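Visitor: Okay, so here is structure-v6.cif, and as you'll see once you scroll down, it has mmCIF, C-alpha atoms and all ligand atoms.
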```
data_structure
#
loop_
_atom_site.label_atom_id
_atom_site.label_comp_id
_atom_site.auth_asym_id
_atom_site.auth_seq_id
_atom_site.Cartn_x
_atom_site.Cartn_y
_atom_site.Cartn_z
CA MET A 26 -10.63 10.89 -18.31
CA ASN A 27 -7.02 10.88 -17.19
CA TYR A 28 -7.10 10.38 -13.41
CA VAL A 29 -3.57 11.71 -12.88
CA LYS A 30 -4.70 15.05 -14.29
CA ARG A 31 -8.17 14.92 -12.73
CA PHE A 32 -7.09 14.47 -9.10
CA GLN A 33 -3.62 16.00 -9.02
CA VAL A 34 -2.87 19.13 -7.01
CA LYS A 35 -0.96 21.24 -9.52
CA ALA A 36 2.23 22.86 -8.29
CA GLY A 37 1.42 26.27 -6.87
CA ASP A 38 -2.36 25.67 -6.68
CA LYS A 39 -4.39 26.72 -3.64
CA VAL A 40 -6.24 23.85 -1.98
CA ASN A 41 -9.67 24.21 -0.43
CA LEU A 42 -10.80 20.82 0.82
CA LYS A 43 -14.31 22.01 1.74
CA GLU A 44 -14.97 22.64 -1.95
CA ILE A 45 -14.04 19.13 -3.00
CA ASP A 46 -16.78 16.51 -3.14
CA ALA A 47 -15.69 13.50 -1.07
CA GLY A 48 -18.60 11.53 -2.53
CA PHE A 49 -17.53 11.85 -6.17
CA ARG A 50 -17.71 8.58 -8.15
CA ASP A 51 -17.21 9.67 -11.73
CA ARG A 52 -19.61 7.88 -14.08
CA HIS A 53 -20.17 4.86 -11.84
CA ARG A 54 -23.51 4.36 -10.14
CA SER A 55 -22.36 1.60 -7.83
CA HIS A 56 -19.55 -0.75 -6.91
CA GLU A 57 -21.10 -3.45 -9.10
CA HIS A 58 -21.15 -1.04 -12.02
CA ALA A 59 -17.44 -0.26 -11.51
CA LEU A 60 -16.30 -3.88 -11.02
CA ALA A 61 -15.28 -4.48 -14.64
CA GLU A 62 -13.13 -1.34 -14.67
CA ILE A 63 -11.60 -2.19 -11.29
CA GLU A 64 -10.59 -5.58 -12.70
CA VAL A 65 -9.08 -4.01 -15.82
CA TYR A 66 -6.83 -1.76 -13.74
CA ASN A 67 -5.89 -4.54 -11.33
CA ASN A 68 -4.71 -6.62 -14.28
CA LYS A 69 -2.76 -3.72 -15.75
CA LEU A 70 -1.18 -3.03 -12.37
CA ARG A 71 -0.08 -6.64 -12.01
CA LYS A 72 1.65 -6.59 -15.40
CA LEU A 73 3.28 -3.22 -14.81
CA GLN A 74 4.64 -4.33 -11.46
CA TYR A 75 6.20 -7.35 -13.14
CA LEU A 76 7.88 -5.02 -15.60
CA LEU A 77 9.05 -2.65 -12.85
CA TYR A 78 10.58 -5.60 -11.00
CA ALA A 79 12.17 -7.10 -14.12
CA GLU A 80 13.54 -3.83 -15.45
CA ASN A 81 14.97 -2.95 -12.02
CA LYS A 82 15.50 0.68 -12.97
CA HIS A 83 12.75 2.61 -11.21
CA SER A 84 10.96 2.37 -7.92
CA LEU A 85 7.62 3.70 -6.83
CA LEU A 86 6.82 5.25 -3.46
CA ILE A 87 3.15 5.56 -2.53
CA CYS A 88 2.37 7.74 0.48
CA LEU A 89 -1.07 7.40 2.04
CA GLN A 90 -2.41 10.11 4.27
CA GLY A 91 -5.84 10.85 5.60
CA ARG A 92 -7.81 11.31 8.76
CA ASP A 93 -8.76 8.47 11.06
CA ALA A 94 -11.03 5.97 9.26
CA ALA A 95 -10.26 7.55 5.87
CA GLY A 96 -9.28 4.13 4.54
CA LYS A 97 -5.49 3.92 4.48
CA ASP A 98 -5.51 0.27 5.58
CA GLY A 99 -8.31 -0.64 3.17
CA THR A 100 -6.45 0.96 0.27
CA ILE A 101 -3.32 -1.05 1.06
CA ASN A 102 -5.40 -4.22 1.21
CA HIS A 103 -6.87 -3.51 -2.21
CA VAL A 104 -3.63 -2.52 -3.94
CA LEU A 105 -1.60 -5.34 -2.41
CA ALA A 106 -4.16 -7.97 -3.32
CA THR A 107 -3.07 -7.38 -6.89
CA LEU A 108 0.68 -7.17 -6.42
CA ASN A 109 3.41 -9.75 -6.08
CA PRO A 110 4.53 -9.43 -2.44
CA GLN A 111 8.17 -9.96 -3.45
CA GLY A 112 8.14 -6.61 -5.20
CA CYS A 113 6.50 -4.67 -2.39
CA THR A 114 7.24 -3.20 0.98
CA VAL A 115 4.72 -1.66 3.36
CA ASN A 116 5.71 0.55 6.26
CA GLY A 117 3.34 2.07 8.80
CA PHE A 118 4.54 5.09 10.76
CA LYS A 119 3.29 5.69 14.26
CA VAL A 120 4.45 7.91 17.11
CA PRO A 121 8.27 7.87 16.71
CA SER A 122 10.15 5.46 18.97
CA THR A 123 12.88 6.75 21.28
CA GLU A 124 15.49 5.81 18.69
CA GLU A 125 13.57 7.46 15.85
CA ALA A 126 12.93 10.59 17.87
CA ALA A 127 16.68 10.87 18.59
CA HIS A 128 17.34 11.32 14.84
CA ASP A 129 16.35 13.94 12.29
CA PHE A 130 12.68 13.56 11.37
CA LEU A 131 13.38 12.11 7.90
CA TRP A 132 15.68 9.34 9.11
CA ARG A 133 13.05 6.67 9.59
CA TYR A 134 11.40 7.39 6.24
CA HIS A 135 14.61 7.40 4.23
CA LYS A 136 15.55 4.00 5.61
CA ALA A 137 12.20 2.61 4.46
CA ALA A 138 12.29 4.06 0.92
CA PRO A 139 11.83 1.42 -1.79
CA ALA A 140 14.83 -0.11 -3.55
CA ARG A 141 15.01 -0.22 -7.35
CA GLY A 142 12.36 -2.48 -8.83
CA GLN A 143 10.18 -2.21 -5.73
CA ILE A 144 6.89 -0.54 -4.85
CA GLY A 145 7.01 0.94 -1.37
CA ILE A 146 3.85 1.92 0.45
CA PHE A 147 3.94 4.32 3.39
CA ASN A 148 0.90 4.08 5.68
CA ARG A 149 1.28 7.62 7.02
CA SER A 150 4.55 9.19 6.04
CA HIS A 151 7.02 12.03 6.49
CA TYR A 152 4.01 14.34 6.15
CA GLU A 153 2.93 13.47 9.70
CA ASP A 154 5.78 15.73 10.76
CA VAL A 155 3.89 18.71 9.34
CA LEU A 156 0.41 17.37 10.22
CA VAL A 157 -0.04 15.89 13.70
CA VAL A 158 3.17 17.63 14.76
CA ARG A 159 1.87 21.02 13.58
CA VAL A 160 -1.68 20.57 14.91
CA HIS A 161 -0.44 19.63 18.38
CA ASP A 162 2.64 21.86 18.54
CA LEU A 163 4.86 18.83 19.11
CA VAL A 164 7.81 20.94 18.02
CA PRO A 165 8.04 24.76 17.80
CA LYS A 166 6.67 26.48 14.68
CA GLU A 167 10.14 27.55 13.59
CA VAL A 168 11.06 23.87 13.41
CA TRP A 169 8.00 22.46 11.56
CA SER A 170 7.71 25.42 9.21
CA LYS A 171 11.13 24.62 7.74
CA ARG A 172 10.11 21.05 7.07
CA TYR A 173 8.16 21.75 3.86
CA ASP A 174 11.40 22.73 2.09
CA GLN A 175 13.22 19.85 3.75
CA ILE A 176 10.55 17.43 2.53
CA ASN A 177 10.81 18.80 -1.01
CA ASP A 178 14.59 18.36 -0.90
CA PHE A 179 14.24 14.83 0.47
CA GLU A 180 11.81 13.90 -2.28
CA LYS A 181 14.20 15.36 -4.88
CA ILE A 182 16.96 13.09 -3.61
CA LEU A 183 14.69 10.07 -4.00
CA GLN A 184 13.57 11.15 -7.49
CA GLY A 185 17.17 11.71 -8.52
CA ASN A 186 17.72 8.05 -7.77
CA GLY A 187 14.85 6.69 -9.83
CA THR A 188 12.04 6.78 -7.26
CA HIS A 189 8.68 8.04 -8.47
CA ILE A 190 6.54 9.41 -5.69
CA LEU A 191 2.75 9.49 -5.51
CA LYS A 192 1.08 11.05 -2.48
CA PHE A 193 -2.59 10.38 -1.82
CA TYR A 194 -4.84 12.31 0.51
CA LEU A 195 -7.92 10.17 1.17
CA HIS A 196 -10.69 12.71 1.34
CA ILE A 197 -13.72 11.87 3.50
CA ASP A 198 -16.18 14.33 4.98
CA PRO A 199 -17.12 14.60 8.68
CA ASP A 200 -20.40 12.69 8.24
CA GLU A 201 -18.64 9.78 6.59
CA GLN A 202 -16.05 9.63 9.38
CA LEU A 203 -18.83 9.44 11.99
CA LYS A 204 -20.57 6.68 10.02
CA ARG A 205 -17.35 4.70 9.99
CA PHE A 206 -16.80 5.28 13.72
CA LYS A 207 -20.32 3.90 14.34
CA LYS A 208 -19.59 0.83 12.24
CA ARG A 209 -16.49 0.23 14.34
CA ILE A 210 -18.56 0.36 17.54
CA ASP A 211 -21.35 -1.87 16.23
CA ASP A 212 -19.25 -4.51 14.48
CA PRO A 213 -17.26 -6.72 16.89
CA ARG A 214 -14.84 -7.51 14.06
CA ARG A 215 -13.93 -3.85 13.80
CA GLN A 216 -13.89 -2.85 17.47
CA TRP A 217 -10.16 -3.49 17.79
CA LYS A 218 -9.58 -0.57 15.42
CA ILE A 219 -11.12 2.00 17.78
CA SER A 220 -8.71 4.30 19.52
CA GLU A 221 -9.34 7.16 21.92
CA SER A 222 -7.39 9.42 19.61
CA ASP A 223 -9.98 8.95 16.82
CA TYR A 224 -12.33 10.99 19.01
CA THR A 225 -9.86 13.53 20.36
CA GLU A 226 -8.45 14.21 16.88
CA ARG A 227 -11.93 14.84 15.44
CA HIS A 228 -12.10 17.99 17.57
CA TYR A 229 -9.16 19.28 15.56
CA TRP A 230 -10.88 18.70 12.20
CA ASP A 231 -10.36 22.26 10.95
CA ASP A 232 -6.76 22.43 12.18
CA TYR A 233 -6.01 19.23 10.28
CA THR A 234 -7.76 20.63 7.22
CA ARG A 235 -5.44 23.63 7.26
CA ALA A 236 -2.38 21.45 7.87
CA PHE A 237 -3.29 19.11 4.97
CA GLU A 238 -4.01 22.06 2.68
CA THR A 239 -0.68 23.71 3.45
CA ALA A 240 1.25 20.46 2.98
CA MET A 241 -0.36 19.88 -0.40
CA GLU A 242 0.13 23.50 -1.49
CA LYS A 243 3.80 23.57 -0.52
CA CYS A 244 4.79 20.05 -1.47
CA SER A 245 2.88 19.10 -4.60
CA THR A 246 5.37 19.12 -7.45
CA LYS A 247 5.22 17.75 -10.97
CA GLN A 248 7.70 15.05 -10.00
CA ALA A 249 6.11 14.18 -6.64
CA PRO A 250 2.46 15.16 -6.90
CA TRP A 251 -0.26 15.10 -4.30
CA PHE A 252 -3.64 13.69 -5.28
CA ILE A 253 -6.91 14.40 -3.49
CA ILE A 254 -8.90 11.19 -3.73
CA PRO A 255 -12.66 11.30 -3.08
CA ALA A 256 -12.88 8.50 -0.53
CA ASN A 257 -16.44 8.36 0.85
CA TYR A 258 -16.98 5.42 -1.52
CA LYS A 259 -14.31 2.89 -0.72
CA TRP A 260 -14.55 1.19 -4.12
CA PHE A 261 -14.14 4.50 -5.93
CA ARG A 262 -11.12 5.36 -3.76
CA ASN A 263 -9.55 2.01 -4.68
CA LEU A 264 -10.32 2.42 -8.36
CA ALA A 265 -8.96 5.98 -8.50
CA ILE A 266 -5.71 5.03 -6.77
CA SER A 267 -5.18 1.94 -8.95
CA ARG A 268 -5.78 4.04 -12.06
CA ILE A 269 -3.30 6.72 -10.98
CA ILE A 270 -0.63 4.11 -10.19
CA VAL A 271 -1.25 2.46 -13.58
CA GLU A 272 -1.17 5.76 -15.49
CA THR A 273 2.06 6.71 -13.72
CA LEU A 274 3.77 3.38 -14.39
CA GLU A 275 2.63 3.47 -18.02
CA SER A 276 4.20 6.91 -18.43
CA LEU A 277 7.61 5.42 -17.57
CA HIS A 278 7.63 3.44 -20.84
CA MET A 279 9.39 0.54 -19.16
CA LYS A 280 10.79 -2.28 -21.27
CA MET A 281 11.61 -5.88 -20.54
CA PRO A 282 15.37 -5.93 -20.01
CA ASP A 283 17.62 -7.76 -22.46
CA PRO A 284 18.69 -11.16 -21.20
CA THR A 285 22.01 -11.15 -19.37
CA VAL A 286 23.08 -14.30 -21.23
CA ASP A 287 23.50 -15.25 -24.91
CA ILE A 288 20.16 -16.98 -25.57
CA LYS A 289 21.49 -18.77 -28.68
CA ASP A 290 24.34 -20.22 -26.67
CA ILE A 291 22.04 -21.19 -23.78
CA ARG A 292 19.59 -22.83 -26.21
CA LYS A 293 22.49 -24.89 -27.59
CA LYS A 294 23.53 -25.96 -24.08
CA TYR A 295 19.94 -26.91 -23.30
CA HIS A 296 19.69 -29.14 -26.37
CA GLU A 297 23.05 -30.72 -25.63
CA ILE A 298 21.82 -31.71 -22.17
CA LEU A 299 18.55 -32.97 -23.59
CA LYS A 300 20.42 -35.10 -26.10
CA LYS A 301 22.94 -36.44 -23.60
CA GLU A 302 20.37 -37.28 -20.94
CA GLY A 303 18.02 -38.68 -23.56
CA GLU A 304 20.67 -41.12 -24.78
CA GLY A 305 20.89 -42.80 -21.38
CA LYS A 306 17.12 -43.29 -21.09
CA PRO A 307 15.24 -46.42 -22.24
CA GLU A 308 13.24 -45.89 -25.47
CA ASN A 309 9.67 -46.54 -24.26
CA GLY A 310 9.35 -45.60 -20.63
CA SER A 311 10.45 -48.18 -18.07
P1 LIG B 401 -2.62 4.54 13.34
O1 LIG B 401 -2.14 4.91 11.97
O2 LIG B 401 -4.11 4.67 13.49
O3 LIG B 401 -2.09 3.26 13.82
O4 LIG B 401 -2.06 5.65 14.35
C1 LIG B 401 -0.75 6.05 14.36
C2 LIG B 401 -0.62 7.28 15.24
O5 LIG B 401 0.73 7.73 15.18
C3 LIG B 401 -1.49 8.44 14.78
O6 LIG B 401 -2.18 8.98 15.85
C4 LIG B 401 -0.47 9.43 14.24
O7 LIG B 401 -0.88 10.76 14.37
C5 LIG B 401 0.76 9.12 15.06
N1 LIG B 401 1.98 9.55 14.39
C6 LIG B 401 2.43 9.14 13.19
N2 LIG B 401 3.57 9.79 12.88
C7 LIG B 401 3.83 10.64 13.89
C8 LIG B 401 4.86 11.59 14.14
N3 LIG B 401 5.84 11.80 13.29
N4 LIG B 401 4.81 12.28 15.30
C9 LIG B 401 3.81 12.06 16.19
N5 LIG B 401 2.81 11.19 16.00
C10 LIG B 401 2.81 10.48 14.87
MG MG B 402 -6.16 4.77 13.79
#
```
Using structure tokens, write down the structure that the file contains.

Guide:
Amino acid sequence: MNYVKRFQVKAGDKVNLKEIDAGFRDRHRSHEHALAEIEVYNNKLRKLQYLLYAENKHSLLICLQGRDAAGKDGTINHVLATLNPQGCTVNGFKVPSTEEAAHDFLWRYHKAAPARGQIGIFNRSHYEDVLVVRVHDLVPKEVWSKRYDQINDFEKILQGNGTHILKFYLHIDPDEQLKRFKKRIDDPRRQWKISESDYTERHYWDDYTRAFETAMEKCSTKQAPWFIIPANYKWFRNLAISRIIVETLESLHMKMPDPTVDIKDIRKKYHEILKKEGEGKPENGS
């Protein structure tokens, strides 16, 4: 099964999140059962990132969105554990600072977009400006409603410069969110993650559903697709996202770049040094 095709929101499709099974795990019975496949994709991802970095032609932007406790941080942990940190940037977006709020809404995201050769991960993204902003009327409707087109234009600018964009909605159901909230209360190592807003935002579940659905309907394009990732099982979420990143990078048909030097000439220089330095050395050690 091709996961890009399986989980992608096709351009122009209607999205109905209630109909999508957040507990889907494909053919895997358990995490243990999926471990071998997870490892295969981690290895592929590592090699592809090396190629992306070496080729220095493309970049990849991964946007993670989801409700509270959907697993954005956990996904980043999993994906990054595989990658070379030199080829990665991670940016989390919270309530805009005074400086950010004094600019157009895309300013802070554009500045953080990945450079050629890099994988950039957005923990929340420019979509917050049509999600939380829409749900809570943080700006008037005539302002946020224009943002879908503005986002599509912004993403086109990035694509035109070699950035491939993957947008993931981590899909959990209300029961799973409550289970995770309970875990946060009961586990002292997780209590720091609790915020009042987790509870206030849950009251707006249906408003968020509509906002997510509209964003995915209006802004899923062939070049910058949205994916709805079943995320009740954390290991399946991680596997699905790794697979989609791998399938996307594979589709770029990247090649190792030609060396920037004449290898024959360099080989000659190397042997000359070896010979010269060898001549000065005693025959059998010291
Ligand atoms: P967290 O990701 O849990 O650290 O929370 C970040 C908070 O910042 C969430 O409550 C988001 O809704 C909020 N946030 C992110 N982007 C924006 C934005 N553009 N406008 C207003 N709030 C935002
Ligand atoms: Mg939070």

Visitor: For A:Gly48, which residue out of A:Val158, A:Ile197, A:Ile269, A:Ala236 is the nearest one, using all atoms listed in the file?

Guide: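 Of A:Val158, A:Ile197, A:Ile269, A:Ala236, the one nearest A:Gly48 is A:Ile197, counting all atoms listed in the file.
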
Visitor: Of the residues A:Lys218, A:His83, A:Arg52, A:Arg209, which is the one nearest to ligand LIG 401 (chain B), using all atoms listed in the file?

Guide: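 Among A:Lys218, A:His83, A:Arg52, A:Arg209, it is A:Lys218 that comes nearest to ligand LIG 401 (chain B).
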
Visitor: Could you please extract the residues within 7 Å of ligand LIG 401 (chain B), counting only C-alpha atoms and all ligand atoms, and hand them back as a list of chain:residue names?

Guide: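 Counting only C-alpha atoms and all ligand atoms, the residues within 7 Å of ligand LIG 401 (chain B) come out as A:Asp93, A:Gly117, A:Phe118, A:Lys119, A:Val120, A:Pro121, A:Arg149, A:Ser150, A:His151, A:Glu153, A:Asp154, A:Val157, A:Val158, A:Ser222.
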
Visitor: Would you work out the distance separating atom CA of A:Val168 from atom CA of A:Glu242, expressed in Å to one decimal?

Guide: 18.5 Å

Visitor: Can I get the residues close to ligand MG 402 (chain B) as an MDAnalysis selection string, where close means within 12 Å and we count all atoms listed in the file?

Guide: chainID A and resid 90:98 117:120 148:149 202 205:206 209 215:227

Visitor: Using only C-alpha atoms for the distances, tell me which of A:Ala126, A:Ile63, A:Val40, A:Leu86 is nearest to A:Thr107.

Guide: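 Distance minimum relative to A:Thr107 lands on A:Ile63.
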
Visitor: For atom CA of A:Thr123 and atom CA of A:Arg159, determine how far apart the two atoms are, in Å to one decimal place.

Guide: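 Distance between the two atoms: 19.6 Å.
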
Visitor: Excluding stretch 249-261 of chain A and any residue of its chain fewer than 2 positions from it, enumerate the residues within 8 Å of it, using only C-alpha atoms, and give them as a PDB file with C-alpha atoms, in the frame of the given file.

Guide:
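Output (result36.pdb):
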```pdb
ATOM      1  CA  VAL A  29      -3.570  11.710 -12.880  1.00  0.00           C
ATOM      2  CA  PHE A  32      -7.090  14.470  -9.100  1.00  0.00           C
ATOM      3  CA  GLN A  33      -3.620  16.000  -9.020  1.00  0.00           C
ATOM      4  CA  VAL A  34      -2.870  19.130  -7.010  1.00  0.00           C
ATOM      5  CA  LYS A  35      -0.960  21.240  -9.520  1.00  0.00           C
ATOM      6  CA  ALA A  36       2.230  22.860  -8.290  1.00  0.00           C
ATOM      7  CA  ILE A  45     -14.040  19.130  -3.000  1.00  0.00           C
ATOM      8  CA  ASP A  46     -16.780  16.510  -3.140  1.00  0.00           C
ATOM      9  CA  ALA A  47     -15.690  13.500  -1.070  1.00  0.00           C
ATOM     10  CA  GLY A  48     -18.600  11.530  -2.530  1.00  0.00           C
ATOM     11  CA  PHE A  49     -17.530  11.850  -6.170  1.00  0.00           C
ATOM     12  CA  ARG A  50     -17.710   8.580  -8.150  1.00  0.00           C
ATOM     13  CA  HIS A  56     -19.550  -0.750  -6.910  1.00  0.00           C
ATOM     14  CA  ALA A  95     -10.260   7.550   5.870  1.00  0.00           C
ATOM     15  CA  GLY A  96      -9.280   4.130   4.540  1.00  0.00           C
ATOM     16  CA  GLY A  99      -8.310  -0.640   3.170  1.00  0.00           C
ATOM     17  CA  GLU A 180      11.810  13.900  -2.280  1.00  0.00           C
ATOM     18  CA  HIS A 189       8.680   8.040  -8.470  1.00  0.00           C
ATOM     19  CA  ILE A 190       6.540   9.410  -5.690  1.00  0.00           C
ATOM     20  CA  LEU A 191       2.750   9.490  -5.510  1.00  0.00           C
ATOM     21  CA  LYS A 192       1.080  11.050  -2.480  1.00  0.00           C
ATOM     22  CA  PHE A 193      -2.590  10.380  -1.820  1.00  0.00           C
ATOM     23  CA  TYR A 194      -4.840  12.310   0.510  1.00  0.00           C
ATOM     24  CA  LEU A 195      -7.920  10.170   1.170  1.00  0.00           C
ATOM     25  CA  HIS A 196     -10.690  12.710   1.340  1.00  0.00           C
ATOM     26  CA  ILE A 197     -13.720  11.870   3.500  1.00  0.00           C
ATOM     27  CA  ASP A 198     -16.180  14.330   4.980  1.00  0.00           C
ATOM     28  CA  GLU A 201     -18.640   9.780   6.590  1.00  0.00           C
ATOM     29  CA  MET A 241      -0.360  19.880  -0.400  1.00  0.00           C
ATOM     30  CA  CYS A 244       4.790  20.050  -1.470  1.00  0.00           C
ATOM     31  CA  SER A 245       2.880  19.100  -4.600  1.00  0.00           C
ATOM     32  CA  THR A 246       5.370  19.120  -7.450  1.00  0.00           C
ATOM     33  CA  LYS A 247       5.220  17.750 -10.970  1.00  0.00           C
ATOM     34  CA  ASN A 263      -9.550   2.010  -4.680  1.00  0.00           C
ATOM     35  CA  LEU A 264     -10.320   2.420  -8.360  1.00  0.00           C
ATOM     36  CA  ALA A 265      -8.960   5.980  -8.500  1.00  0.00           C
ATOM     37  CA  ILE A 266      -5.710   5.030  -6.770  1.00  0.00           C
TER      38      ILE A 266
END
```

Visitor: Can you measure atom CA of A:Ile87 to atom CA of A:Phe147 for me? One decimal in Å is fine.

Guide: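 Distance between the two atoms: 6.1 Å.
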
Visitor: Pick out the closest residue to A:Ala140 from this set: A:His161, A:Lys82, A:His128, A:His296. Count only C-alpha atoms.

Guide: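 Residue with the minimum atom-to-atom distance to A:Ala140: A:Lys82.
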
Visitor: Show which residues sit within 10 Å of A:Pro110, as a PDB file with C-alpha atoms, in the coordinates of the input. Count all atoms listed in the file, and ignore same-chain residues fewer than 4 positions away.

Guide:
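Final output, out31.pdb:
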```pdb
ATOM      1  CA  LEU A 105      -1.600  -5.340  -2.410  1.00  0.00           C
ATOM      2  CA  ALA A 106      -4.160  -7.970  -3.320  1.00  0.00           C
ATOM      3  CA  THR A 114       7.240  -3.200   0.980  1.00  0.00           C
ATOM      4  CA  VAL A 115       4.720  -1.660   3.360  1.00  0.00           C
ATOM      5  CA  GLN A 143      10.180  -2.210  -5.730  1.00  0.00           C
ATOM      6  CA  ILE A 144       6.890  -0.540  -4.850  1.00  0.00           C
TER       7      ILE A 144
END
```

Visitor: Counting all atoms listed in the file, select every polymer residue within 9 Å of (13.7, -9.8, -19.3) as defined in the file's coordinates, and provide the selection as a list in words.

Guide: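 All residues meeting the 9 Å criterion around (13.7, -9.8, -19.3) are Leu76, Ala79, Glu80, Lys280, Met281, Pro282, Asp283, Pro284 and Thr285 of chain A.
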
Visitor: Between A:Val155, A:Cys113, A:Leu277, A:Leu70, which is the closest to A:Leu131 once you count only C-alpha atoms?

Guide: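 The answer is A:Val155, which sits nearest to A:Leu131.
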
Visitor: Please identify all polymer residues lying at most 10 Å from the point (-11.0, 8.7, -17.8) (file coordinates), using only C-alpha atoms, and present the result as number ranges by chain.

Guide: A: 26-31, 51-52, 265, 268
